[in-house]
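Below is one structure; the comments refer to it alone.
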Amino acid sequence: MERFPDEDKDSVRRAYPVSGRVILHIDMNAFYCSVHEAVEPDKYRGKPIAVAGSVELRRGIVVTCSYAARKFGVKTGMTVREAKRLCPELLLIAPDFDLYRQFSRRFMKLAYEYSPLVEAVSIDECYVDITGSKAFGTPLDIARTIQSRIRSELHLPCSIGVAPNKLLAKMASDMKKPNGLFVLRKRDVPAVLWPRPCAELFGIGRKTAEKLKRLNIHTLGALARADEGLLTEQFGVMGKALIRAARGEDDSPVNPEQEQSKSIGHTTTLPKDVVERSEAHRVFLNLADQVGRRLRRQGLMAQTVQITIRDTEMKTITRAMKLQAPSEDSLEFHRAACRLYDRHWPEGKPARLLGVTLQGLSPRTETAVQLDLFDYEKSAVKEKLTRTMDELRDRFGESALLTAGMLGDDPSALIRNKKIRGTSLQMDHLKERRLYEDDEPGSRKYE
């Protein structure tokens with residue numbers, strides 16, 4: 001890795017603020033499609049392609065598409081039928097989340113070579129605080145080097161925003177895509193951001209933007225100059241936050257620590273309506289099995305089990321129950337899910353989607369579990385058996401050990417397949433301790 005000689009250190013130091021921070025936001029462009037282009041360039045490079053369909057997304061929906069496809073009007077969330085109508089040559093690819101996770105680890109690890117302060121916010125984007133990274137050059141030098149290495153080593157395009165805080169870095173990375181590099185300083189905010197509509201500010205959703213319009217606040221400039229009392233009356237404590245954001249103010253630090261999960265869940269849209277209770281129970285068995293596996297991998301225990309049910313008219317309900325004691329037992333989660341389903345869902349009523357979510361999570365090492373004197377020995381044996389089964393499945397695959405009730409060909413069984421399981425927000429793969437370990441310990445240096 002190139003480092004700068006001593007005689008250039010003064011000029012590099014002057015490129016950094018005397019006080020304050022320098023933040024990069026790295027955003028991988030059309031990530032899923034770009035990964036497929038990188039792996040099979042002869043087949044996909046430069047062609048209109050789309051990743052569509054997932055066991056955790058409704059079938060027939062475009063998950064993401066390449067820039068070549070976007071020129072034809074193809075968009076994320078569009079039905080495959082509509083996308084093919086706009087672009088008959090569109091190549092459809094089944095998602096491979098295991099492959100995406102591999103590339104995610106690689107680009108995050110590359111960013112980590114320039115700063116220990118890397119915060120992953122999704123599978124395809126991260127913040128990097130390079131305030132203390134002067135040894136690698138100016139902020140622009142570092143941004144250009146990271147972008148160049150991601151392209152040459154991973155064959156992926158990315159856009160990078162350079163700014164004094166996370167909010168402006170995020171906005172800057174959106175300014176030029178693909179392969180863009182944009183610097184957004186605090187003094188640039190009035191000229192660059194204020195003429196834009198409020199909906200373009202990161203964190204403002206459609207409903208908030210519509211509410212601002214009703215208040216005759218149409219641009220970020222108008223929002224920055226808005227009366228704080230009026231916005232507090234309309235939005236509560238968020239009113240002041242909206243004004244600060246429109247002014248480009250953000251004090252949140254880059255947090256390199258992966259926060260403990262607040263919940264762990266899986267939902268599955270079924271290929272046909274589930275009517276029989278026995279079939280719903282089988283689906284819950286697969287879901288409970290996988291959320292339990294994810295829970296134990298993170299060394300956590302759960303206090304509450306929640307189920308999600310969606311009917312044929314797309315109406316969704318959630319119901320939850322607290323366990324007698326924190327648990328890591330998939331079978332206990334399954335029993336709770338079935339009990340909730342039987343209690344709250346009328347027999348014979350069709351269900352289109354089912355889900356299991358674990359809540360009230362706490363580290364296993366810090367969770368006190370009161371054991372019955374007579375069950376203590378059984379619990380120890382059961383715990384050892386669970387560990388052994390997990391180790392076997394880690395080594396030989398998720399389907400190495402299954403009960404008869406888990407067998408089937410619907411999406412609830414397919415979630416054991418890493419290639420087709422996952423969402424852009426599922427960050428389990430970045431919680432692994434080995435993600436940023438060096439081949440040569442102590443080889444990195446930061447100023």
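Residues are referred to by chain and number: the chain letter is A, B, ... according to the order shown in the structure tokens, the number counts from 1 in that chain, and ligands are numbered separately from 1 in the order shown.
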Contact residues around stretch 17-34 of chain A with only C-alpha atoms at 7 Å, ignoring same-chain residues under 6 positions, as a PyMOL selection string: chain A and resi 49-51+64-66+100+124-131+156-166+169-170+173+178
Put those residues in a file: C-alpha atoms, as a PDB file, in the first residue's frame.
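This went into selection21.pdb:
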```pdb
ATOM      1  CA  ILE A  49     -29.602  -7.533 -16.609  1.00  0.00           C
ATOM      2  CA  ALA A  50     -31.812  -7.754 -13.537  1.00  0.00           C
ATOM      3  CA  VAL A  51     -31.755  -9.797 -10.366  1.00  0.00           C
ATOM      4  CA  THR A  64     -32.135  -4.527  -8.784  1.00  0.00           C
ATOM      5  CA  CYS A  65     -31.018  -3.921 -12.347  1.00  0.00           C
ATOM      6  CA  SER A  66     -27.896  -2.848 -14.218  1.00  0.00           C
ATOM      7  CA  TYR A 100     -22.969 -10.991  -2.584  1.00  0.00           C
ATOM      8  CA  ASP A 124     -23.319  -2.609  -0.235  1.00  0.00           C
ATOM      9  CA  GLU A 125     -22.406   0.604   1.603  1.00  0.00           C
ATOM     10  CA  CYS A 126     -20.288   1.857   4.470  1.00  0.00           C
ATOM     11  CA  TYR A 127     -18.954   4.985   6.153  1.00  0.00           C
ATOM     12  CA  VAL A 128     -15.214   5.446   6.734  1.00  0.00           C
ATOM     13  CA  ASP A 129     -13.792   8.074   9.089  1.00  0.00           C
ATOM     14  CA  ILE A 130     -10.379   8.975   7.610  1.00  0.00           C
ATOM     15  CA  THR A 131      -9.652  11.937   9.905  1.00  0.00           C
ATOM     16  CA  LEU A 156     -16.882  -3.416  -9.240  1.00  0.00           C
ATOM     17  CA  PRO A 157     -18.012   0.202  -9.689  1.00  0.00           C
ATOM     18  CA  CYS A 158     -18.617   2.394  -6.663  1.00  0.00           C
ATOM     19  CA  SER A 159     -19.417   6.007  -5.880  1.00  0.00           C
ATOM     20  CA  ILE A 160     -17.733   7.823  -2.993  1.00  0.00           C
ATOM     21  CA  GLY A 161     -18.820  10.946  -1.166  1.00  0.00           C
ATOM     22  CA  VAL A 162     -16.284  13.006   0.798  1.00  0.00           C
ATOM     23  CA  ALA A 163     -17.634  15.319   3.490  1.00  0.00           C
ATOM     24  CA  PRO A 164     -17.216  16.582   7.068  1.00  0.00           C
ATOM     25  CA  ASN A 165     -20.043  14.368   8.383  1.00  0.00           C
ATOM     26  CA  LYS A 166     -22.012  11.222   7.587  1.00  0.00           C
ATOM     27  CA  ALA A 169     -21.034  12.117   2.758  1.00  0.00           C
ATOM     28  CA  LYS A 170     -24.155  10.084   2.015  1.00  0.00           C
ATOM     29  CA  SER A 173     -22.074   9.750  -2.935  1.00  0.00           C
ATOM     30  CA  PRO A 178     -21.875   5.256 -11.362  1.00  0.00           C
TER      31      PRO A 178
END
```
DSSP strand (DSSP E) selection over stretch 12-166 of chain A, as an MDAnalysis selection string: chainID A and resid 23:28 49:54 57:65 91:93 118:122 125:129 158:163
Residues as selected, N, CA and C atoms, written as a CSV table (one decimal), in the first residue's frame, can you do that?
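After the write, selection22.csv holds the following:
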```
chain,number,residue,atom,x,y,z
A,23,ILE,N,-15.2,12.3,6.4
A,23,ILE,CA,-15.9,11.1,6.3
A,23,ILE,C,-16.1,10.7,4.8
A,24,LEU,N,-15.9,9.4,4.5
A,24,LEU,CA,-16.2,8.9,3.2
A,24,LEU,C,-17.5,8.1,3.3
A,25,HIS,N,-18.3,8.1,2.3
A,25,HIS,CA,-19.4,7.2,2.2
A,25,HIS,C,-19.2,6.4,0.9
A,26,ILE,N,-19.0,5.1,1.0
A,26,ILE,CA,-18.7,4.3,-0.2
A,26,ILE,C,-20.0,3.5,-0.5
A,27,ASP,N,-20.5,3.7,-1.7
A,27,ASP,CA,-21.8,3.1,-2.1
A,27,ASP,C,-21.5,2.3,-3.4
A,28,MET,N,-21.7,1.0,-3.3
A,28,MET,CA,-21.5,0.2,-4.5
A,28,MET,C,-22.6,0.3,-5.5
A,49,ILE,N,-29.3,-6.4,-17.5
A,49,ILE,CA,-29.6,-7.5,-16.6
A,49,ILE,C,-30.4,-7.1,-15.4
A,50,ALA,N,-31.1,-8.0,-14.8
A,50,ALA,CA,-31.8,-7.8,-13.5
A,50,ALA,C,-31.8,-9.0,-12.6
A,51,VAL,N,-31.6,-8.7,-11.4
A,51,VAL,CA,-31.8,-9.8,-10.4
A,51,VAL,C,-33.2,-9.8,-9.9
A,52,ALA,N,-33.9,-10.9,-10.0
A,52,ALA,CA,-35.3,-10.9,-9.7
A,52,ALA,C,-35.7,-12.2,-9.0
A,53,GLY,N,-36.6,-12.1,-8.0
A,53,GLY,CA,-37.1,-13.2,-7.3
A,53,GLY,C,-36.2,-13.6,-6.2
A,54,SER,N,-36.8,-13.9,-5.0
A,54,SER,CA,-36.1,-14.4,-3.9
A,54,SER,C,-37.1,-15.1,-3.0
A,57,LEU,N,-38.5,-12.3,-1.0
A,57,LEU,CA,-39.2,-11.3,-1.7
A,57,LEU,C,-40.3,-11.9,-2.6
A,58,ARG,N,-41.3,-11.1,-2.9
A,58,ARG,CA,-42.3,-11.7,-3.8
A,58,ARG,C,-41.8,-12.0,-5.1
A,59,ARG,N,-42.2,-13.2,-5.6
A,59,ARG,CA,-41.7,-13.6,-6.9
A,59,ARG,C,-42.2,-12.7,-8.0
A,60,GLY,N,-41.3,-12.6,-9.1
A,60,GLY,CA,-41.7,-11.8,-10.2
A,60,GLY,C,-41.4,-10.3,-10.0
A,61,ILE,N,-40.5,-9.9,-9.0
A,61,ILE,CA,-40.2,-8.5,-8.8
A,61,ILE,C,-38.7,-8.3,-9.1
A,62,VAL,N,-38.4,-7.2,-9.7
A,62,VAL,CA,-37.0,-6.8,-10.0
A,62,VAL,C,-36.4,-6.3,-8.7
A,63,VAL,N,-35.4,-7.0,-8.2
A,63,VAL,CA,-34.7,-6.7,-7.0
A,63,VAL,C,-33.7,-5.5,-7.2
A,64,THR,N,-33.0,-5.6,-8.3
A,64,THR,CA,-32.1,-4.5,-8.8
A,64,THR,C,-31.8,-4.8,-10.2
A,65,CYS,N,-31.3,-3.8,-10.9
A,65,CYS,CA,-31.0,-3.9,-12.3
A,65,CYS,C,-29.8,-3.1,-12.7
A,91,LEU,N,-31.8,-9.7,-19.3
A,91,LEU,CA,-31.4,-11.0,-18.8
A,91,LEU,C,-31.7,-11.1,-17.3
A,92,LEU,N,-32.5,-12.1,-16.9
A,92,LEU,CA,-32.9,-12.3,-15.6
A,92,LEU,C,-32.0,-13.3,-14.8
A,93,ILE,N,-31.6,-12.9,-13.6
A,93,ILE,CA,-30.7,-13.7,-12.8
A,93,ILE,C,-31.3,-14.0,-11.5
A,118,VAL,N,-14.7,2.0,10.3
A,118,VAL,CA,-15.5,1.6,9.2
A,118,VAL,C,-16.9,1.1,9.8
A,119,GLU,N,-17.9,1.8,9.3
A,119,GLU,CA,-19.3,1.4,9.8
A,119,GLU,C,-20.1,0.9,8.6
A,120,ALA,N,-20.4,-0.4,8.6
A,120,ALA,CA,-21.2,-1.0,7.6
A,120,ALA,C,-22.7,-0.7,7.9
A,121,VAL,N,-23.4,-0.1,6.9
A,121,VAL,CA,-24.8,0.2,7.1
A,121,VAL,C,-25.7,-0.7,6.3
A,122,SER,N,-25.2,-1.4,5.3
A,122,SER,CA,-25.9,-2.4,4.6
A,122,SER,C,-24.9,-3.3,3.8
A,125,GLU,N,-22.8,-0.8,1.3
A,125,GLU,CA,-22.4,0.6,1.6
A,125,GLU,C,-21.8,0.7,3.0
A,126,CYS,N,-20.9,1.6,3.2
A,126,CYS,CA,-20.3,1.9,4.5
A,126,CYS,C,-19.8,3.3,4.6
A,127,TYR,N,-19.6,3.7,5.8
A,127,TYR,CA,-19.0,5.0,6.2
A,127,TYR,C,-17.5,4.7,6.6
A,128,VAL,N,-16.6,5.6,6.3
A,128,VAL,CA,-15.2,5.4,6.7
A,128,VAL,C,-14.7,6.8,7.2
A,129,ASP,N,-14.3,6.8,8.5
A,129,ASP,CA,-13.8,8.1,9.1
A,129,ASP,C,-12.3,8.1,8.8
A,158,CYS,N,-18.1,1.8,-7.9
A,158,CYS,CA,-18.6,2.4,-6.7
A,158,CYS,C,-18.6,3.9,-6.8
A,159,SER,N,-19.4,4.6,-6.0
A,159,SER,CA,-19.4,6.0,-5.9
A,159,SER,C,-19.0,6.4,-4.5
A,160,ILE,N,-18.2,7.4,-4.3
A,160,ILE,CA,-17.7,7.8,-3.0
A,160,ILE,C,-18.0,9.3,-2.7
A,161,GLY,N,-18.6,9.6,-1.6
A,161,GLY,CA,-18.8,10.9,-1.2
A,161,GLY,C,-17.8,11.3,-0.1
A,162,VAL,N,-17.3,12.5,-0.2
A,162,VAL,CA,-16.3,13.0,0.8
A,162,VAL,C,-16.9,14.2,1.5
A,163,ALA,N,-17.0,14.2,2.8
A,163,ALA,CA,-17.6,15.3,3.5
A,163,ALA,C,-17.2,15.4,5.0
```
In stretch 97-234 of chain A, DSSP helix (DSSP H, G or I) residues written as a PyMOL selection string: chain A and resi 97-112+134-136+139-154+166-173+186-192+198-200+206-214+220-224+228-234
Contacts of stretch 344-352 of chain A at 10 Å (only C-alpha atoms; same-chain gap of 4+ positions) as an MDAnalysis selection string: chainID A and resid 268:277 280 309:319 338:340
Restrict the selected residues to N, CA and C atoms and save them as an mmCIF file, in the first residue's frame.
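Generated file (again_33.cif):
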```cif
data_model
loop_
_atom_site.group_PDB
_atom_site.id
_atom_site.type_symbol
_atom_site.label_atom_id
_atom_site.label_comp_id
_atom_site.auth_asym_id
_atom_site.auth_seq_id
_atom_site.Cartn_x
_atom_site.Cartn_y
_atom_site.Cartn_z
ATOM 1 N N THR A 268 -41.416 -15.636 4.993
ATOM 2 C CA THR A 268 -41.413 -16.314 3.704
ATOM 3 C C THR A 268 -42.771 -16.168 3.037
ATOM 4 N N THR A 269 -42.744 -15.734 1.790
ATOM 5 C CA THR A 269 -43.964 -15.684 0.982
ATOM 6 C C THR A 269 -44.147 -17.050 0.332
ATOM 7 N N LEU A 270 -45.318 -17.620 0.503
ATOM 8 C CA LEU A 270 -45.556 -19.004 0.074
ATOM 9 C C LEU A 270 -46.073 -19.067 -1.362
ATOM 10 N N PRO A 271 -45.671 -20.100 -2.111
ATOM 11 C CA PRO A 271 -46.103 -20.217 -3.499
ATOM 12 C C PRO A 271 -47.594 -20.484 -3.643
ATOM 13 N N LYS A 272 -48.206 -21.002 -2.589
ATOM 14 C CA LYS A 272 -49.657 -21.199 -2.585
ATOM 15 C C LYS A 272 -50.153 -20.959 -1.171
ATOM 16 N N ASP A 273 -51.430 -20.606 -1.073
ATOM 17 C CA ASP A 273 -51.990 -20.294 0.234
ATOM 18 C C ASP A 273 -51.925 -21.502 1.160
ATOM 19 N N VAL A 274 -51.578 -21.224 2.427
ATOM 20 C CA VAL A 274 -51.580 -22.269 3.453
ATOM 21 C C VAL A 274 -52.908 -22.204 4.197
ATOM 22 N N VAL A 275 -53.576 -23.315 4.244
ATOM 23 C CA VAL A 275 -54.888 -23.382 4.904
ATOM 24 C C VAL A 275 -54.842 -24.326 6.098
ATOM 25 N N GLU A 276 -54.209 -25.486 5.925
ATOM 26 C CA GLU A 276 -54.147 -26.493 6.981
ATOM 27 C C GLU A 276 -53.172 -26.067 8.082
ATOM 28 N N ARG A 277 -53.586 -26.283 9.321
ATOM 29 C CA ARG A 277 -52.718 -25.934 10.443
ATOM 30 C C ARG A 277 -51.415 -26.743 10.402
ATOM 31 N N ALA A 280 -48.956 -25.062 8.128
ATOM 32 C CA ALA A 280 -48.412 -23.841 8.734
ATOM 33 C C ALA A 280 -47.381 -24.194 9.798
ATOM 34 N N ILE A 309 -48.221 -12.876 10.050
ATOM 35 C CA ILE A 309 -49.112 -13.587 9.115
ATOM 36 C C ILE A 309 -49.715 -12.566 8.163
ATOM 37 N N ARG A 310 -49.695 -12.880 6.881
ATOM 38 C CA ARG A 310 -50.318 -12.017 5.877
ATOM 39 C C ARG A 310 -51.344 -12.844 5.112
ATOM 40 N N ASP A 311 -52.532 -12.276 4.906
ATOM 41 C CA ASP A 311 -53.573 -13.027 4.207
ATOM 42 C C ASP A 311 -53.542 -12.745 2.708
ATOM 43 N N THR A 312 -54.504 -13.264 1.997
ATOM 44 C CA THR A 312 -54.521 -13.152 0.534
ATOM 45 C C THR A 312 -54.817 -11.738 0.060
ATOM 46 N N GLU A 313 -55.339 -10.885 0.953
ATOM 47 C CA GLU A 313 -55.600 -9.487 0.604
ATOM 48 C C GLU A 313 -54.470 -8.574 1.060
ATOM 49 N N MET A 314 -53.332 -9.173 1.409
ATOM 50 C CA MET A 314 -52.110 -8.468 1.801
ATOM 51 C C MET A 314 -52.263 -7.725 3.129
ATOM 52 N N LYS A 315 -53.217 -8.129 3.954
ATOM 53 C CA LYS A 315 -53.338 -7.570 5.300
ATOM 54 C C LYS A 315 -52.462 -8.382 6.247
ATOM 55 N N THR A 316 -51.685 -7.681 7.063
ATOM 56 C CA THR A 316 -50.678 -8.336 7.895
ATOM 57 C C THR A 316 -50.977 -8.125 9.372
ATOM 58 N N ILE A 317 -50.800 -9.186 10.163
ATOM 59 C CA ILE A 317 -50.901 -9.073 11.614
ATOM 60 C C ILE A 317 -49.631 -9.642 12.240
ATOM 61 N N THR A 318 -49.290 -9.150 13.424
ATOM 62 C CA THR A 318 -48.208 -9.730 14.214
ATOM 63 C C THR A 318 -48.745 -10.031 15.608
ATOM 64 N N ARG A 319 -48.303 -11.142 16.171
ATOM 65 C CA ARG A 319 -48.676 -11.527 17.526
ATOM 66 C C ARG A 319 -47.430 -12.052 18.228
ATOM 67 N N CYS A 338 -46.315 -21.868 16.905
ATOM 68 C CA CYS A 338 -47.520 -22.651 16.612
ATOM 69 C C CYS A 338 -48.650 -22.299 17.572
ATOM 70 N N ARG A 339 -48.305 -22.070 18.822
ATOM 71 C CA ARG A 339 -49.316 -21.707 19.815
ATOM 72 C C ARG A 339 -49.944 -20.359 19.458
ATOM 73 N N LEU A 340 -49.122 -19.414 19.046
ATOM 74 C CA LEU A 340 -49.630 -18.104 18.647
ATOM 75 C C LEU A 340 -50.518 -18.210 17.415
#
```
